[in-house]
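Colleague: Below you'll find the structure I mean.
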Amino acid sequence: MEPRIRELMDFLDGAHSVYHAVAGLAWELEAAGYQCLSESDSWSLRAGGKYYLTRGGSAVIAFRIPDTEPAGFMMSASHADRPSFKVKENAQLSGKYTRLAVEGYGGMIRHSWLDRPLSVAGRVLVQTDEGVQSRLVDIDRDLLLIPSVAIHMDRQVNEGKNWNLAVDLLPVLGGAEPGIQFSKLLTQAAGGEILGHDLYLYNRQKAAVWGIEEEFLSAPALDDLECAWCCCKGFLEAEESAAIPVLCVFDSEEVGSSSLQGAGSCLLESVLSRICKACDLDLDRMLSQSFMVSADNAHAIHPNHPEYADAANAPVMGGGPVIKFNANMRYTTDGATAAIWRKVCAMANVPVQTYCNRADMPGGSTLGNISLSHVSVPTVDLGLPQLAMHAAYETAGVQDALYFMDAMTAFYSCAMEIPADGVYVIR
Ligand code: ZN
């Protein structure tokens, strides 16, 4: 197997929650010599310096300062959260079996979560002498399962079932009176008294490469950890340019981005403004020479349902990263940003595919236009073509991840100049 795919799969296999995904990316940045900043410190940044910060443990921004006078920001934004089930307060439900009280997070394909081993991961807030401290928790074993009702008792199950989150989808944790309480299990894993938590169910199935030529990659949360990883790899491997490269991975995209760690927060705006202050740069002039890649996976044409795709803009897995277009700007791409991205891909020898919704189907949106409302720079919406978006186990093309790493390496090796409105110089 191509080592870069093995690395991606290892990342996916460890990223059991948004917090673990961000911790995995932070580990990569640390290993590459990036210095962790705190938002509460004053920042003194030096030419040649490499930095990152996290917020709430579920969003990360990294950047480096070039040796020469910086000209613009070359940025990417992706997200580390995924549709799942969040564990409620007072979660242990007793009865003939012990179940866990959960509620839906984001828009998942509900039936895909049934009849498979699940576990719990996320963060807990533990009491300390000084206050509270966030710790990662992962009950890293087969712990829970949401059982189907037998077909003999639910003859309509294959006729299009309405899965009720409060009735059909509560996972079983144990027998009637288990010897250990769920809260105790968490306390043991956390190593302290827990005062708060953000815990999610996750699918225990590991990433797999499959197909007659091993052309497909399946894993939980490919949307959007695949983009987050490829952007991070491109960011780390790029050559220096005159621009400041910025990597952003946000939380909360699946629920509208409006959290402290989401693309709808002031996080990116604040970081860019602080970079400019620390480096004595004019923020407005910097933004006028900047570019953003909003990277969130796209829909490949479905083998059994080609009718859902636009006839002329239906990407296939393995055909290259996808530019997403929407006339009503649910995607940020316009002619200019599509052209710039095509130019970057040509430099990297990476093929480009295009995606539009069928004109009679509204489709989804992503974090690009939310980020754009805070940091207004030309933005292209991209993604890797995949199937089964928001299922517990999603499928994409192996080659597309490699293409996207190459494209992002080329992108982050560039700087852009906009000498006049409508004129873009990429070097
Ligand atoms: Zn997404």
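To be explicit about the labels: the chains of the structure tokens are called A, B, and onward in the order shown, and within each one the residues are counted from 1, while ligands get numbers from 1 in the order they are shown.
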When you look at A:Ser413 with a cut-off of 6 Å (counting only C-alpha atoms), what residues show up, excluding the ones that are within fewer than 3 positions of it in the same chain? I need them as a list in words.
Modeller: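 Near neighbours after the sequence-gap exclusion: Ala238, Glu239, Glu240, Ser241 and Ala410 of chain A.
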Colleague: Let me see if you get this right: every residue at most 7 Å from ligand 1, counting only C-alpha atoms and all ligand atoms, written as a PyMOL selection string.
Modeller: chain A and resi 79+223-224+253-254+296-297+366
Colleague: Generate a file of the selected residues that holds N, CA and C atoms, formatted as a PDB file, in the first residue's frame.
Modeller:
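Saved file part_10.pdb follows:
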```
ATOM      1  N   HIS A  79     -13.367  20.498   8.292  1.00  0.00           N
ATOM      2  CA  HIS A  79     -13.953  20.294   9.617  1.00  0.00           C
ATOM      3  C   HIS A  79     -13.649  18.909  10.163  1.00  0.00           C
ATOM      4  N   ASP A 223     -15.885  12.184   5.573  1.00  0.00           N
ATOM      5  CA  ASP A 223     -16.372  13.572   5.593  1.00  0.00           C
ATOM      6  C   ASP A 223     -16.258  14.060   7.026  1.00  0.00           C
ATOM      7  N   ASP A 224     -15.273  14.826   7.418  1.00  0.00           N
ATOM      8  CA  ASP A 224     -14.392  15.517   6.502  1.00  0.00           C
ATOM      9  C   ASP A 224     -12.945  15.318   6.918  1.00  0.00           C
ATOM     10  N   GLU A 253     -19.329  21.942  12.018  1.00  0.00           N
ATOM     11  CA  GLU A 253     -19.864  22.146  10.668  1.00  0.00           C
ATOM     12  C   GLU A 253     -21.186  21.409  10.490  1.00  0.00           C
ATOM     13  N   GLU A 254     -21.305  20.253  11.109  1.00  0.00           N
ATOM     14  CA  GLU A 254     -22.506  19.433  10.908  1.00  0.00           C
ATOM     15  C   GLU A 254     -23.740  20.017  11.593  1.00  0.00           C
ATOM     16  N   ASP A 296     -14.360  20.222   1.787  1.00  0.00           N
ATOM     17  CA  ASP A 296     -15.359  19.379   2.446  1.00  0.00           C
ATOM     18  C   ASP A 296     -15.850  18.389   1.389  1.00  0.00           C
ATOM     19  N   ASN A 297     -15.930  17.135   1.752  1.00  0.00           N
ATOM     20  CA  ASN A 297     -16.164  16.103   0.734  1.00  0.00           C
ATOM     21  C   ASN A 297     -17.432  16.329  -0.097  1.00  0.00           C
ATOM     22  N   THR A 366     -21.795  24.100   3.120  1.00  0.00           N
ATOM     23  CA  THR A 366     -20.573  23.753   3.833  1.00  0.00           C
ATOM     24  C   THR A 366     -20.055  24.971   4.573  1.00  0.00           C
TER      25      THR A 366
END
```
Colleague: What's around A:Gln127 at 12 Å? Count only C-alpha atoms, leave out sequence neighbours fewer than 4 positions away in its own chain, and write the answer as a ChimeraX atom specification.
Modeller: /A:131-135,187,190-197
Colleague: Print the selection's residues with C-alpha atoms to a file, as a short mmCIF file (atom, residue, chain, number, x, y, z; two decimals), in the first residue's frame.
Modeller:
```cif
data_model
loop_
_atom_site.label_atom_id
_atom_site.label_comp_id
_atom_site.auth_asym_id
_atom_site.auth_seq_id
_atom_site.Cartn_x
_atom_site.Cartn_y
_atom_site.Cartn_z
CA GLY A 131 -10.60 24.58 38.74
CA VAL A 132 -11.41 22.23 35.87
CA GLN A 133 -9.31 20.67 33.13
CA SER A 134 -10.25 19.06 29.82
CA ARG A 135 -9.07 15.47 29.20
CA THR A 187 -14.34 8.42 35.93
CA ALA A 190 -10.58 10.13 33.05
CA GLY A 191 -8.65 9.62 36.27
CA GLY A 192 -10.63 12.21 38.22
CA GLU A 193 -14.05 13.54 39.17
CA ILE A 194 -15.97 14.55 36.07
CA LEU A 195 -17.89 17.85 36.16
CA GLY A 196 -18.84 18.00 32.47
CA HIS A 197 -18.50 16.07 29.23
#
```
Colleague: Using only C-alpha atoms, determine which residues lie at most 10 Å from A:Lys96, disregarding the query and same-chain residues fewer than 6 positions distant; provide the list as a PDB file with all heavy atoms, in the first residue's frame.
Modeller:
```
ATOM      1  N   GLY A 174     -25.584  -2.892  28.596  1.00  0.00           N
ATOM      2  CA  GLY A 174     -25.365  -4.064  29.431  1.00  0.00           C
ATOM      3  C   GLY A 174     -26.673  -4.715  29.847  1.00  0.00           C
ATOM      4  O   GLY A 174     -27.736  -4.390  29.308  1.00  0.00           O
ATOM      5  N   GLY A 175     -26.579  -5.608  30.824  1.00  0.00           N
ATOM      6  CA  GLY A 175     -27.756  -6.309  31.343  1.00  0.00           C
ATOM      7  C   GLY A 175     -28.548  -5.418  32.299  1.00  0.00           C
ATOM      8  O   GLY A 175     -28.311  -4.207  32.390  1.00  0.00           O
ATOM      9  N   ALA A 176     -29.494  -6.056  33.039  1.00  0.00           N
ATOM     10  CA  ALA A 176     -30.440  -5.286  33.862  1.00  0.00           C
ATOM     11  C   ALA A 176     -29.733  -4.466  34.943  1.00  0.00           C
ATOM     12  O   ALA A 176     -30.031  -3.298  35.136  1.00  0.00           O
ATOM     13  CB  ALA A 176     -31.452  -6.230  34.489  1.00  0.00           C
ATOM     14  N   GLU A 177     -28.806  -5.080  35.636  1.00  0.00           N
ATOM     15  CA  GLU A 177     -28.117  -4.344  36.710  1.00  0.00           C
ATOM     16  C   GLU A 177     -26.621  -4.591  36.603  1.00  0.00           C
ATOM     17  O   GLU A 177     -26.070  -5.439  37.304  1.00  0.00           O
ATOM     18  CB  GLU A 177     -28.651  -4.790  38.080  1.00  0.00           C
ATOM     19  CG  GLU A 177     -30.013  -4.203  38.375  1.00  0.00           C
ATOM     20  CD  GLU A 177     -30.618  -4.742  39.664  1.00  0.00           C
ATOM     21  OE1 GLU A 177     -29.897  -5.363  40.462  1.00  0.00           O
ATOM     22  OE2 GLU A 177     -31.834  -4.554  39.830  1.00  0.00           O
TER      23      GLU A 177
END
```
Colleague: Per residue of stretch 255-331 of chain A within 12 Å of stretch 201-216 of chain A, which atom pair is closest and at what distance in Å (one decimal), using only C-alpha atoms, listed by chain and increasing number, as a Markdown table?
Modeller:
```
| residue | atom | partner | partner_atom | distance |
| --- | --- | --- | --- | --- |
| A:Val316 | CA | A:Phe216 | CA | 11.3 |
| A:Met317 | CA | A:Phe216 | CA | 7.9 |
| A:Gly318 | CA | A:Glu215 | CA | 7.4 |
| A:Gly319 | CA | A:Glu215 | CA | 11.0 |
```
Colleague: Using the selection just defined, write its residues with C-alpha atoms as a PDB file, in the first residue's frame.
Modeller:
```pdb
ATOM      1  CA  VAL A 316     -16.534   9.586  -9.966  1.00  0.00           C
ATOM      2  CA  MET A 317     -14.330   8.256  -7.184  1.00  0.00           C
ATOM      3  CA  GLY A 318     -10.740   8.128  -8.427  1.00  0.00           C
ATOM      4  CA  GLY A 319     -11.184  10.904 -10.984  1.00  0.00           C
TER       5      GLY A 319
END
```
Colleague: What residues in stretch 93-311 of chain A get the DSSP label helix (DSSP H, G or I)? Please answer as number ranges by chain.
Modeller: A: 110-113, 157-159, 182-190, 222-237, 253-255, 267-279, 283-287, 306-308
